[in-house]
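A.B. asks: Structure file target_37.pdb (PDB, C-alpha atoms and all ligand atoms) is given on the next line.
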```pdb
ATOM      1  CA  MET A  10       0.000   0.000   0.000
ATOM      2  CA  TYR A  11       1.273   3.430  -0.892
ATOM      3  CA  HIS A  12       1.603   5.894   1.946
ATOM      4  CA  LEU A  13       1.576   9.599   1.237
ATOM      5  CA  LYS A  14       4.437  11.185   3.090
ATOM      6  CA  TRP A  15       3.788  14.712   4.317
ATOM      7  CA  PRO A  16       6.716  17.094   4.778
ATOM      8  CA  LYS A  17       7.476  17.741   8.429
ATOM      9  CA  LEU A  18       6.580  21.307   9.326
ATOM     10  CA  SER A  19       7.338  22.184  12.913
ATOM     11  CA  ALA A  20       5.400  24.850  14.781
ATOM     12  CA  ALA A  21       8.580  26.949  14.947
ATOM     13  CA  THR A  22       8.965  26.868  11.143
ATOM     14  CA  LEU A  23       5.357  27.887  10.691
ATOM     15  CA  VAL A  24       5.749  30.811  13.097
ATOM     16  CA  LEU A  25       8.919  31.880  11.251
ATOM     17  CA  VAL A  26       7.124  31.787   7.865
ATOM     18  CA  LEU A  27       4.203  33.835   9.181
ATOM     19  CA  TYR A  28       6.580  36.281  10.865
ATOM     20  CA  TRP A  29       8.555  36.861   7.672
ATOM     21  CA  GLN A  30       5.398  37.283   5.673
ATOM     22  CA  ALA A  31       4.314  39.973   8.131
ATOM     23  CA  VAL A  32       7.737  41.668   8.078
ATOM     24  CA  LEU A  33       7.940  41.644   4.287
ATOM     25  CA  GLY A  34       4.388  42.885   4.066
ATOM     26  CA  SER A  35       5.090  45.831   6.345
ATOM     27  CA  VAL A  36       8.337  46.766   4.591
ATOM     28  CA  LEU A  37       7.188  46.428   1.003
ATOM     29  CA  SER A  38       3.558  47.449   1.309
ATOM     30  CA  PRO A  39       1.887  49.839   1.195
ATOM     31  CA  TYR A  40       3.976  51.172  -1.639
ATOM     32  CA  LYS A  41       4.677  54.855  -1.220
ATOM     33  CA  ASN A  42       4.876  56.934  -4.345
ATOM     34  CA  PRO A  43       8.110  58.945  -4.117
ATOM     35  CA  TRP A  44       6.781  61.724  -6.389
ATOM     36  CA  THR A  45       3.322  62.386  -5.084
ATOM     37  CA  GLY A  46       3.838  60.998  -1.560
ATOM     38  CA  SER A  47       0.578  59.079  -1.772
ATOM     39  CA  ARG A  48       0.391  55.493  -0.683
ATOM     40  CA  ARG A  49      -1.251  52.685  -2.496
ATOM     41  CA  ARG A  50      -4.760  52.746  -1.181
ATOM     42  CA  ASN A  51      -6.803  49.787  -0.157
ATOM     43  CA  VAL A  52     -10.233  48.983   1.093
ATOM     44  CA  ASN A  53      -9.274  49.629   4.730
ATOM     45  CA  LEU A  54      -8.193  53.153   3.989
ATOM     46  CA  ASP A  55     -11.487  53.656   2.213
ATOM     47  CA  GLU A  56     -13.204  53.429   5.597
ATOM     48  CA  GLU A  57     -11.179  56.476   6.623
ATOM     49  CA  GLY A  58     -12.611  58.418   3.749
ATOM     50  CA  TRP A  59     -10.069  57.504   1.078
ATOM     51  CA  GLN A  60     -11.164  56.434  -2.342
ATOM     52  CA  GLU A  61      -9.902  52.944  -2.963
ATOM     53  CA  ALA A  62      -7.551  52.478  -5.898
ATOM     54  CA  PRO A  63      -8.793  50.170  -8.647
ATOM     55  CA  CYS A  64      -5.249  49.189  -9.614
ATOM     56  CA  GLY A  65      -2.551  47.598  -7.493
ATOM     57  CA  THR A  66       0.304  47.811  -9.982
ATOM     58  CA  ASN A  67       3.590  49.050  -8.567
ATOM     59  CA  THR A  68       4.820  51.078 -11.528
ATOM     60  CA  THR A  69       8.269  51.705 -10.081
ATOM     61  CA  TYR A  70      10.760  50.383 -12.571
ATOM     62  CA  ARG A  71      13.187  47.852 -11.212
ATOM     63  CA  ASP A  72      15.431  48.071 -14.225
ATOM     64  CA  SER A  73      17.070  51.388 -15.030
ATOM     65  CA  GLY A  74      16.696  50.527 -18.735
ATOM     66  CA  LEU A  75      13.028  51.477 -18.726
ATOM     67  CA  GLN A  76      13.858  54.753 -16.997
ATOM     68  CA  GLN A  77      16.403  55.497 -19.721
ATOM     69  CA  LEU A  78      13.811  54.583 -22.319
ATOM     70  CA  VAL A  79      11.523  57.270 -20.906
ATOM     71  CA  ALA A  80      14.335  59.822 -20.994
ATOM     72  CA  SER A  81      15.441  59.003 -24.539
ATOM     73  CA  LEU A  82      11.907  59.049 -25.972
ATOM     74  CA  ASN A  83      11.293  62.433 -24.381
ATOM     75  CA  SER A  84      14.553  64.042 -25.415
ATOM     76  CA  SER A  85      14.544  62.749 -28.994
ATOM     77  CA  HIS A  86      10.898  63.147 -29.766
ATOM     78  CA  ASN A  87       9.730  65.601 -32.340
ATOM     79  CA  ARG A  88       6.448  66.653 -30.791
ATOM     80  CA  ARG A  89       4.993  67.853 -34.060
ATOM     81  CA  ARG A  90       5.196  64.357 -35.503
ATOM     82  CA  GLN A  91       2.471  61.896 -34.606
ATOM     83  CA  PHE A  92       3.579  58.321 -34.113
ATOM     84  CA  ILE A  93       2.180  55.987 -36.768
ATOM     85  CA  PRO A  94       2.878  52.322 -36.005
ATOM     86  CA  GLN A  95       4.967  50.667 -38.728
ATOM     87  CA  GLN A  96       5.443  47.400 -36.887
ATOM     88  CA  THR A  97       2.649  45.078 -35.773
ATOM     89  CA  TYR A  98       2.786  42.816 -32.760
ATOM     90  CA  THR A  99       0.441  40.017 -31.762
ATOM     91  CA  PHE A 100       0.556  38.724 -28.224
ATOM     92  CA  ASN A 101      -0.887  35.485 -26.900
ATOM     93  CA  VAL A 102      -3.337  35.670 -24.028
ATOM     94  CA  VAL A 103      -3.741  32.729 -21.655
ATOM     95  CA  TRP A 104      -6.737  33.100 -19.360
ATOM     96  CA  GLN A 105      -6.068  31.532 -15.984
ATOM     97  CA  VAL A 106      -9.442  31.195 -14.299
ATOM     98  CA  ILE A 107      -8.901  30.715 -10.567
ATOM     99  CA  ALA A 108     -12.259  29.861  -9.033
ATOM    100  CA  SER A 109     -13.535  28.825  -5.624
ATOM    101  CA  ASN A 110     -16.074  26.463  -7.120
ATOM    102  CA  PHE A 111     -17.965  25.792 -10.350
ATOM    103  CA  THR A 112     -20.406  28.713 -10.008
ATOM    104  CA  TYR A 113     -20.114  32.170 -11.543
ATOM    105  CA  GLU A 114     -20.216  33.647  -8.017
ATOM    106  CA  GLY A 115     -17.216  31.490  -7.216
ATOM    107  CA  GLY A 116     -15.328  32.872 -10.211
ATOM    108  CA  TRP A 117     -16.024  30.136 -12.784
ATOM    109  CA  LEU A 118     -16.252  32.449 -15.792
ATOM    110  CA  PRO A 119     -18.251  31.410 -18.866
ATOM    111  CA  ASP A 120     -16.208  31.036 -22.075
ATOM    112  CA  LEU A 121     -18.524  33.586 -23.659
ATOM    113  CA  TYR A 122     -17.389  36.264 -21.178
ATOM    114  CA  ILE A 123     -13.740  35.606 -21.994
ATOM    115  CA  GLN A 124     -14.480  35.750 -25.710
ATOM    116  CA  ALA A 125     -16.347  39.056 -25.329
ATOM    117  CA  GLN A 126     -13.515  40.488 -23.226
ATOM    118  CA  MET A 127     -10.974  39.498 -25.882
ATOM    119  CA  GLU A 128     -13.026  41.285 -28.530
ATOM    120  CA  GLN A 129     -13.221  44.388 -26.353
ATOM    121  CA  LEU A 130      -9.468  44.289 -25.679
ATOM    122  CA  ASN A 131      -8.744  44.175 -29.407
ATOM    123  CA  ARG A 132     -11.253  46.969 -30.110
ATOM    124  CA  ASN A 133      -9.459  49.141 -27.544
ATOM    125  CA  TYR A 134      -6.100  48.501 -29.271
ATOM    126  CA  GLU A 135      -7.384  49.208 -32.785
ATOM    127  CA  GLY A 136      -4.942  51.347 -34.756
ATOM    128  CA  THR A 137      -2.061  50.769 -32.326
ATOM    129  CA  GLY A 138      -0.353  47.952 -34.280
ATOM    130  CA  ILE A 139      -0.834  45.741 -31.207
ATOM    131  CA  SER A 140      -3.305  42.881 -31.093
ATOM    132  CA  TRP A 141      -4.100  39.967 -28.825
ATOM    133  CA  VAL A 142      -4.989  36.363 -29.606
ATOM    134  CA  HIS A 143      -6.680  34.056 -27.115
ATOM    135  CA  THR A 144      -4.597  30.877 -27.122
ATOM    136  CA  ASP A 145      -5.764  28.985 -24.060
ATOM    137  CA  THR A 146      -7.997  28.934 -21.004
ATOM    138  CA  VAL A 147      -6.703  27.128 -17.935
ATOM    139  CA  ARG A 148      -9.257  26.528 -15.201
ATOM    140  CA  THR A 149      -8.224  25.865 -11.611
ATOM    141  CA  ILE A 150     -10.349  25.366  -8.517
ATOM    142  CA  SER A 151      -8.621  26.893  -5.509
ATOM    143  CA  PRO A 152     -10.733  28.752  -2.949
ATOM    144  CA  TYR A 153      -7.550  29.809  -1.159
ATOM    145  CA  TRP A 154      -5.907  31.403  -4.209
ATOM    146  CA  HIS A 155      -9.198  32.863  -5.438
ATOM    147  CA  GLU A 156      -9.858  34.638  -2.150
ATOM    148  CA  SER A 157      -6.384  35.406  -0.792
ATOM    149  CA  ILE A 158      -4.220  36.560  -3.671
ATOM    150  CA  ASP A 159      -3.994  40.280  -4.295
ATOM    151  CA  SER A 160      -1.389  42.757  -5.436
ATOM    152  CA  SER A 161       0.344  43.317  -2.106
ATOM    153  CA  SER A 162       3.729  41.926  -1.275
ATOM    154  CA  GLY A 163       2.321  40.152   1.768
ATOM    155  CA  THR A 164       0.958  37.516  -0.570
ATOM    156  CA  PHE A 165       3.998  37.510  -2.816
ATOM    157  CA  GLY A 166       4.865  33.957  -1.818
ATOM    158  CA  LEU A 167       1.337  32.834  -2.555
ATOM    159  CA  ARG A 168       1.297  34.479  -5.980
ATOM    160  CA  SER A 169       4.674  33.031  -6.765
ATOM    161  CA  ALA A 170       3.419  29.519  -5.950
ATOM    162  CA  MET A 171       0.413  29.991  -8.238
ATOM    163  CA  TYR A 172       2.535  31.310 -11.099
ATOM    164  CA  HIS A 173       5.102  28.552 -10.772
ATOM    165  CA  THR A 174       2.328  25.984 -10.895
ATOM    166  CA  LEU A 175       0.258  27.380 -13.747
ATOM    167  CA  LYS A 176       2.027  29.960 -15.884
ATOM    168  CA  ARG A 177       2.302  29.305 -19.626
ATOM    169  CA  GLY A 178       4.476  30.790 -22.357
ATOM    170  CA  GLY A 179       7.265  33.363 -22.497
ATOM    171  CA  ALA A 180       7.627  37.123 -22.866
ATOM    172  CA  THR A 181       4.979  37.457 -25.596
ATOM    173  CA  THR A 182       2.284  35.547 -23.715
ATOM    174  CA  MET A 183       0.173  37.528 -21.283
ATOM    175  CA  ASN A 184      -1.180  35.272 -18.551
ATOM    176  CA  VAL A 185      -4.331  36.863 -17.105
ATOM    177  CA  TYR A 186      -5.334  35.375 -13.750
ATOM    178  CA  THR A 187      -8.968  36.031 -12.857
ATOM    179  CA  LEU A 188      -9.317  36.228  -9.090
ATOM    180  CA  GLY A 189     -11.821  37.230  -6.415
ATOM    181  CA  PHE A 190      -9.796  39.954  -4.637
ATOM    182  CA  THR A 191     -12.228  39.403  -1.787
ATOM    183  CA  LYS A 192      -9.942  41.010   0.811
ATOM    184  CA  THR A 193      -8.844  44.019  -1.182
ATOM    185  CA  GLY A 194     -10.406  46.894  -3.078
ATOM    186  CA  ILE A 195      -8.500  46.544  -6.329
ATOM    187  CA  ASN A 196      -9.739  45.488  -9.746
ATOM    188  CA  GLY A 197      -6.369  44.402 -11.081
ATOM    189  CA  TYR A 198      -2.597  44.499 -11.079
ATOM    190  CA  SER A 199       0.238  43.774 -13.487
ATOM    191  CA  THR A 200       3.970  43.460 -13.549
ATOM    192  CA  MET A 201       5.969  45.953 -15.624
ATOM    193  CA  PRO A 202       7.839  44.420 -18.611
ATOM    194  CA  ASP A 203      11.320  44.961 -17.176
ATOM    195  CA  ARG A 204      10.271  42.434 -14.557
ATOM    196  CA  PHE A 205      10.423  39.694 -17.190
ATOM    197  CA  LEU A 206      14.214  39.942 -17.356
ATOM    198  CA  ILE A 207      14.521  39.479 -13.598
ATOM    199  CA  ALA A 208      11.772  36.964 -12.860
ATOM    200  CA  PRO A 209      10.007  35.646 -15.986
ATOM    201  CA  THR A 210       7.660  33.397 -14.035
ATOM    202  CA  LEU A 211       6.241  36.357 -12.115
ATOM    203  CA  ASP A 212       5.445  38.297 -15.310
ATOM    204  CA  ALA A 213       1.632  38.323 -15.291
ATOM    205  CA  VAL A 214      -1.638  40.178 -14.903
ATOM    206  CA  GLY A 215      -4.306  39.601 -12.257
ATOM    207  CA  ILE A 216      -7.859  40.936 -12.514
ATOM    208  CA  ARG A 217     -11.099  40.765 -10.571
ATOM    209  CA  PHE A 218     -13.306  38.254 -12.406
ATOM    210  CA  THR A 219     -16.360  40.511 -12.127
ATOM    211  CA  THR A 220     -14.702  43.060 -14.444
ATOM    212  CA  LEU A 221     -15.509  40.709 -17.351
ATOM    213  CA  PRO A 222     -16.963  40.673 -19.945
ATOM    214  CA  LEU A 223     -16.858  44.340 -20.949
ATOM    215  CA  GLY A 224     -14.691  46.140 -18.386
ATOM    216  CA  ASN A 225     -11.548  48.074 -19.262
ATOM    217  CA  THR A 226      -9.445  46.614 -16.446
ATOM    218  CA  VAL A 227      -7.681  44.153 -18.761
ATOM    219  CA  THR A 228      -6.894  46.989 -21.172
ATOM    220  CA  HIS A 229      -5.490  49.127 -18.344
ATOM    221  CA  GLU A 230      -3.380  46.287 -16.925
ATOM    222  CA  SER A 231      -2.139  45.246 -20.377
ATOM    223  CA  GLY A 232      -0.947  48.857 -20.738
ATOM    224  CA  HIS A 233       1.224  48.334 -17.636
ATOM    225  CA  TRP A 234       2.323  44.944 -18.992
ATOM    226  CA  LEU A 235       3.631  46.845 -22.036
ATOM    227  CA  GLY A 236       5.380  49.492 -19.927
ATOM    228  CA  LEU A 237       2.897  52.319 -19.349
ATOM    229  CA  GLN A 238       2.564  54.117 -16.043
ATOM    230  CA  HIS A 239      -0.467  55.994 -14.724
ATOM    231  CA  PRO A 240      -0.442  59.607 -15.968
ATOM    232  CA  PHE A 241      -0.421  60.749 -12.312
ATOM    233  CA  ASP A 242       2.257  58.386 -10.996
ATOM    234  CA  ARG A 243       5.094  60.878 -10.889
ATOM    235  CA  GLY A 244       3.144  64.049 -10.344
ATOM    236  CA  CYS A 245       3.410  67.157 -12.530
ATOM    237  CA  ASP A 246       7.124  66.658 -12.978
ATOM    238  CA  PRO A 247       8.627  64.412 -14.284
ATOM    239  CA  GLY A 248       5.239  62.858 -15.139
ATOM    240  CA  ASP A 249       4.710  59.502 -16.806
ATOM    241  CA  GLY A 250       7.396  59.880 -19.479
ATOM    242  CA  VAL A 251       4.870  60.140 -22.310
ATOM    243  CA  TYR A 252       5.000  63.401 -24.249
ATOM    244  CA  ASP A 253       1.318  63.758 -25.076
ATOM    245  CA  THR A 254      -0.451  62.743 -21.855
ATOM    246  CA  PRO A 255      -1.099  66.037 -20.047
ATOM    247  CA  ALA A 256       0.618  66.324 -16.664
ATOM    248  CA  GLN A 257      -1.504  65.230 -13.722
ATOM    249  CA  SER A 258      -0.685  65.364 -10.024
ATOM    250  CA  ARG A 259      -3.251  62.987  -8.533
ATOM    251  CA  GLU A 260      -5.762  60.244  -9.274
ATOM    252  CA  ILE A 261      -9.211  61.073 -10.575
ATOM    253  CA  PHE A 262     -12.225  58.818 -10.015
ATOM    254  CA  GLY A 263     -15.704  58.724 -11.532
ATOM    255  CA  CYS A 264     -16.063  60.618 -14.791
ATOM    256  CA  PRO A 265     -15.965  64.369 -14.158
ATOM    257  CA  ILE A 266     -16.815  65.496 -17.686
ATOM    258  CA  GLY A 267     -17.163  69.260 -17.924
ATOM    259  CA  GLU A 268     -15.264  69.988 -14.720
ATOM    260  CA  ASN A 269     -12.094  70.824 -16.674
ATOM    261  CA  ILE A 270      -9.814  69.479 -13.971
ATOM    262  CA  ASP A 271      -6.261  70.751 -14.351
ATOM    263  CA  SER A 272      -4.116  69.507 -11.487
ATOM    264  CA  CYS A 273      -0.900  70.835 -13.101
ATOM    265  CA  PRO A 274      -1.970  74.336 -14.243
ATOM    266  CA  ASP A 275       1.581  75.364 -15.166
ATOM    267  CA  GLN A 276       1.696  72.664 -17.839
ATOM    268  CA  PRO A 277      -0.418  72.303 -20.990
ATOM    269  CA  GLY A 278      -3.625  70.322 -21.159
ATOM    270  CA  LEU A 279      -6.416  69.255 -18.853
ATOM    271  CA  ASP A 280      -6.088  66.065 -16.807
ATOM    272  CA  PRO A 281      -6.571  63.109 -19.213
ATOM    273  CA  ILE A 282      -9.693  61.592 -17.662
ATOM    274  CA  HIS A 283     -10.512  59.564 -20.798
ATOM    275  CA  ASN A 284      -7.184  57.736 -20.935
ATOM    276  CA  PHE A 285      -7.136  53.958 -20.432
ATOM    277  CA  MET A 286      -4.361  54.380 -17.842
ATOM    278  CA  GLU A 287      -6.565  56.512 -15.570
ATOM    279  CA  TYR A 288      -8.592  55.469 -12.499
ATOM    280  CA  THR A 289     -11.809  56.863 -13.932
ATOM    281  CA  ASP A 290     -14.888  54.718 -14.656
ATOM    282  CA  ASP A 291     -14.839  52.117 -17.423
ATOM    283  CA  SER A 292     -17.257  54.119 -19.550
ATOM    284  CA  CYS A 293     -15.043  57.199 -19.176
ATOM    285  CA  ARG A 294     -11.855  55.550 -20.483
ATOM    286  CA  THR A 295     -11.707  55.466 -24.259
ATOM    287  CA  HIS A 296      -8.184  55.656 -25.669
ATOM    288  CA  PHE A 297      -4.396  55.490 -25.519
ATOM    289  CA  THR A 298      -2.523  58.498 -26.904
ATOM    290  CA  PRO A 299      -0.108  58.176 -29.880
ATOM    291  CA  GLY A 300       2.716  58.847 -27.402
ATOM    292  CA  GLN A 301       1.613  55.938 -25.230
ATOM    293  CA  VAL A 302       1.448  53.700 -28.312
ATOM    294  CA  GLU A 303       4.968  54.758 -29.260
ATOM    295  CA  PHE A 304       6.127  54.084 -25.713
ATOM    296  CA  MET A 305       4.560  50.603 -25.775
ATOM    297  CA  HIS A 306       6.217  49.801 -29.117
ATOM    298  CA  THR A 307       9.600  50.820 -27.708
ATOM    299  CA  ALA A 308       9.071  48.828 -24.516
ATOM    300  CA  ILE A 309       8.014  45.783 -26.582
ATOM    301  CA  GLN A 310      11.214  45.964 -28.637
ATOM    302  CA  THR A 311      13.296  46.389 -25.493
ATOM    303  CA  TYR A 312      11.715  43.841 -23.194
ATOM    304  CA  ARG A 313       9.461  41.458 -25.062
ATOM    305  CA  MET A 314      11.377  40.870 -28.313
ATOM    306  CA  ASN A 315      15.060  40.345 -28.963
ATOM    307  CA  ALA A 316      17.168  42.421 -31.353
ATOM    308  CA  VAL A 317      15.870  40.667 -34.466
ATOM    309  CA  GLY A 318      12.262  40.907 -33.420
ATOM    310  CA  GLU A 319      11.765  37.372 -32.204
ATOM    311  CA  ALA A 320      10.007  36.568 -28.988
ATOM    312  CA  ARG A 321      12.023  36.133 -25.837
ATOM    313  CA  ASN A 322      11.241  32.861 -24.131
TER     314      ASN A 322
HETATM  315 ZN    ZN A 401      -2.838  50.782 -13.057
END
```
Would you write the structure of this file as structure tokens?
Ligand SMILES: [Zn+2]
C.D. replies:
Amino acid sequence: MYHLKWPKLSAATLVLVLYWQAVLGSVLSPYKNPWTGSRRRNVNLDEEGWQEAPCGTNTTYRDSGLQQLVASLNSSHNRRRQFIPQQTYTFNVVWQVIASNFTYEGGWLPDLYIQAQMEQLNRNYEGTGISWVHTDTVRTISPYWHESIDSSSGTFGLRSAMYHTLKRGGATTMNVYTLGFTKTGINGYSTMPDRFLIAPTLDAVGIRFTTLPLGNTVTHESGHWLGLQHPFDRGCDPGDGVYDTPAQSREIFGCPIGENIDSCPDQPGLDPIHNFMEYTDDSCRTHFTPGQVEFMHTAIQTYRMNAVGEARN
């Protein structure tokens, strides 16, 4: 008879693991934005009157290459010329459905929702030279992952375990994990593309499953996955590194059409409330700018393709 042998985990080891998770969580999260001074906001802060952030992406670049990319695009760019994509890129999308059970409420998304979301994603990228093809759906029942995983570093170990178990493809495959985010206020998170060079297995997107089938969360997070920051991430100066997104000093929620919000009055343009990389409502977000498309193309060449245009694996 075969006996399943369980690894021996002493109480002391368990305490040590929990302690380190707490220490790492307190050191690495909440992420404080060095430019605006604001902290990543979560559902707990919302009770104190803060608006919760829909996105948990830490847009701080880990690789100085992406920072240099921002600088070079800005210094070399002829602002009178509009970027017209010459190159086209198609990325694979693997949907990783992480559900608690086989019901929709438990996160078991219908195929039709995924199909509709793919169509919406491609509509949003029309004219950018970037498109997405649905290559696979992987379905996993795990109440623990569905409920516990979020964008914070406190669950980094948990996320890592999920990615190591399930992740498919290389640098040109976007794995989208649909999760419950039941303990957090976010709708999604992504890694930035420079992350792929450091830890390819952790290169992925996570979204709240209820944002399907027609939400813009996947579009927003795919923008991060291709290198974009939020327009407000670095305040009025230096800004997000994109020449044609007007400077913005703080997040905007809802859809304040007609309010002409201008949080950086010394710089041109009103705050870009209709940009996909904003925190405004889904119905309010309608486009990427040509500068953002150019930035994504440059980031793709730098981080997701090699010098001859082939996919990194
Ligand atoms: Zn974001």
A.B. asks: Have a look at A:Val185, A:Val227, A:Val106, A:Leu221 and name the one nearest to ligand ZN 401 (chain A); count only C-alpha atoms and all ligand atoms.
C.D. replies: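 Residue with the minimum atom-to-atom distance to ligand ZN 401 (chain A): A:Val227.
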A.B. asks: Counting all atoms listed in the file, I want the residues whose atoms come within 9 Å of (5.3, 71.1, -18.5) in the file frame, returned as a compact mmCIF listing (two decimals) with C-alpha atoms, keeping the file's coordinate frame.
C.D. replies:
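Result file follows (out-v4.txt):
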```txt
# COMPACT_ATOMS: atom_id res chain seq x y z
CA CYS A 245 3.41 67.16 -12.53
CA ASP A 246 7.12 66.66 -12.98
CA PRO A 247 8.63 64.41 -14.28
CA GLY A 248 5.24 62.86 -15.14
CA PRO A 255 -1.10 66.04 -20.05
CA ALA A 256 0.62 66.32 -16.66
CA CYS A 273 -0.90 70.83 -13.10
CA ASP A 275 1.58 75.36 -15.17
CA GLN A 276 1.70 72.66 -17.84
CA PRO A 277 -0.42 72.30 -20.99
```
A.B. asks: Please give the centre and size of the box around range 300-305 of chain A (axis-aligned, containing every atom listed in the file, 8 Å added per side), with values in Å to one decimal and written as lines of an AutoDock Vina configuration file.
C.D. replies:
```
center_x = 3.8
center_y = 54.7
center_z = -27.2
size_x = 20.7
size_y = 24.2
size_z = 20.0
```
A.B. asks: Could you tell me, as an mmCIF file with C-alpha atoms, keeping the file's coordinate frame, which residues have any atom at most 8 Å from (-0.6, 44.8, -28.4), counting all atoms listed in the file?
C.D. replies:
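Once written, point.cif looks like this:
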```cif
data_model
loop_
_atom_site.group_PDB
_atom_site.id
_atom_site.type_symbol
_atom_site.label_atom_id
_atom_site.label_comp_id
_atom_site.auth_asym_id
_atom_site.auth_seq_id
_atom_site.Cartn_x
_atom_site.Cartn_y
_atom_site.Cartn_z
ATOM 1 C CA TYR A 98 2.786 42.816 -32.760
ATOM 2 C CA THR A 99 0.441 40.017 -31.762
ATOM 3 C CA PHE A 100 0.556 38.724 -28.224
ATOM 4 C CA TYR A 134 -6.100 48.501 -29.271
ATOM 5 C CA THR A 137 -2.061 50.769 -32.326
ATOM 6 C CA GLY A 138 -0.353 47.952 -34.280
ATOM 7 C CA ILE A 139 -0.834 45.741 -31.207
ATOM 8 C CA SER A 140 -3.305 42.881 -31.093
ATOM 9 C CA TRP A 141 -4.100 39.967 -28.825
ATOM 10 C CA LEU A 235 3.631 46.845 -22.036
#
```
A.B. asks: Could you pull out the residues sitting within 12 Å of ligand ZN 401 (chain A), using only C-alpha atoms and all ligand atoms, and write them as a ChimeraX atom specification?
C.D. replies: /A:49,62-69,160,195-201,214-216,225-242,260,284-289
A.B. asks: Using only C-alpha atoms, determine which residues lie at most 10 Å from Ile150 in chain A, disregarding the query and same-chain residues fewer than 4 positions distant; provide the list as a list in words.
C.D. replies: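 The contact residues come out as Val106, Ile107, Ala108, Ser109, Asn110, Phe111, Gly115, Gly116, Trp117, Trp154 and His155 of chain A.
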A.B. asks: Which distance in Å separates CA of His283 in chain A and CA of Thr295 in chain A, to one decimal?
C.D. replies: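 A separation of 5.5 Å between them.
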A.B. asks: How far is it from CA of Thr174 in chain A to CA of Gly74 in chain A, in Å with one decimal?
C.D. replies: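 Computing the Euclidean distance for CA of Thr174 in chain A and CA of Gly74 in chain A yields 29.5 Å.
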A.B. asks: Once the PyMOL selection byres (((chain A and resi 190-194) around 7) and not hetatm) has been evaluated on this model, what residues remain selected, and can you format them as a ChimeraX atom specification?
C.D. replies: /A:51-52,61-63,156-159,188-189,195-196,217
A.B. asks: Would you mind telling me which residue in A:Arg168, A:Gln129, A:Thr146, A:Pro202 lies nearest to His306 in chain A when using all atoms listed in the file?
C.D. replies: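 Nearest candidate to His306 in chain A out of A:Arg168, A:Gln129, A:Thr146, A:Pro202: A:Pro202.
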A.B. asks: Report, in Å with one decimal, the straight-line distance from CA of His296 in chain A to CA of Pro119 in chain A.
C.D. replies: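 These atoms are spaced 27.1 Å apart.
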A.B. asks: Determine the residue membership of the PyMOL selection byres (((chain A and resi 302) around 9) and not hetatm) for the file above and supply it as a PDB file with C-alpha atoms, in the coordinates of the input.
C.D. replies:
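As a result, expr.pdb now contains:
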```pdb
ATOM      1  CA  PHE A  92       3.579  58.321 -34.113  1.00  0.00           C
ATOM      2  CA  ILE A  93       2.180  55.987 -36.768  1.00  0.00           C
ATOM      3  CA  PRO A  94       2.878  52.322 -36.005  1.00  0.00           C
ATOM      4  CA  THR A 137      -2.061  50.769 -32.326  1.00  0.00           C
ATOM      5  CA  GLY A 138      -0.353  47.952 -34.280  1.00  0.00           C
ATOM      6  CA  ILE A 139      -0.834  45.741 -31.207  1.00  0.00           C
ATOM      7  CA  PHE A 297      -4.396  55.490 -25.519  1.00  0.00           C
ATOM      8  CA  THR A 298      -2.523  58.498 -26.904  1.00  0.00           C
ATOM      9  CA  PRO A 299      -0.108  58.176 -29.880  1.00  0.00           C
ATOM     10  CA  GLY A 300       2.716  58.847 -27.402  1.00  0.00           C
ATOM     11  CA  GLN A 301       1.613  55.938 -25.230  1.00  0.00           C
ATOM     12  CA  GLU A 303       4.968  54.758 -29.260  1.00  0.00           C
ATOM     13  CA  PHE A 304       6.127  54.084 -25.713  1.00  0.00           C
ATOM     14  CA  MET A 305       4.560  50.603 -25.775  1.00  0.00           C
ATOM     15  CA  HIS A 306       6.217  49.801 -29.117  1.00  0.00           C
ATOM     16  CA  THR A 307       9.600  50.820 -27.708  1.00  0.00           C
TER      17      THR A 307
END
```
A.B. asks: Some atoms are absent from range 254-262 of chain A, so rebuild N, CA and C atoms and return them as a CSV table (one decimal), in the coordinates of the input.
C.D. replies:
```csv
chain,number,residue,atom,x,y,z
A,254,THR,N,0.6,62.9,-22.9
A,254,THR,CA,-0.5,62.7,-21.9
A,254,THR,C,-0.3,64.0,-21.0
A,255,PRO,N,-1.3,64.8,-20.9
A,255,PRO,CA,-1.1,66.0,-20.0
A,255,PRO,C,-0.7,65.7,-18.6
A,256,ALA,N,0.1,66.6,-18.0
A,256,ALA,CA,0.6,66.3,-16.7
A,256,ALA,C,-0.6,66.3,-15.7
A,257,GLN,N,-0.4,65.4,-14.7
A,257,GLN,CA,-1.5,65.2,-13.7
A,257,GLN,C,-0.9,64.9,-12.4
A,258,SER,N,-1.4,65.5,-11.3
A,258,SER,CA,-0.7,65.4,-10.0
A,258,SER,C,-1.3,64.3,-9.1
A,259,ARG,N,-2.6,63.9,-9.4
A,259,ARG,CA,-3.3,63.0,-8.5
A,259,ARG,C,-4.3,62.2,-9.3
A,260,GLU,N,-4.8,61.1,-8.7
A,260,GLU,CA,-5.8,60.2,-9.3
A,260,GLU,C,-7.1,61.0,-9.4
A,261,ILE,N,-7.8,60.6,-10.4
A,261,ILE,CA,-9.2,61.1,-10.6
A,261,ILE,C,-10.1,59.9,-10.7
A,262,PHE,N,-11.3,59.9,-10.0
A,262,PHE,CA,-12.2,58.8,-10.0
A,262,PHE,C,-13.5,59.3,-10.7
```
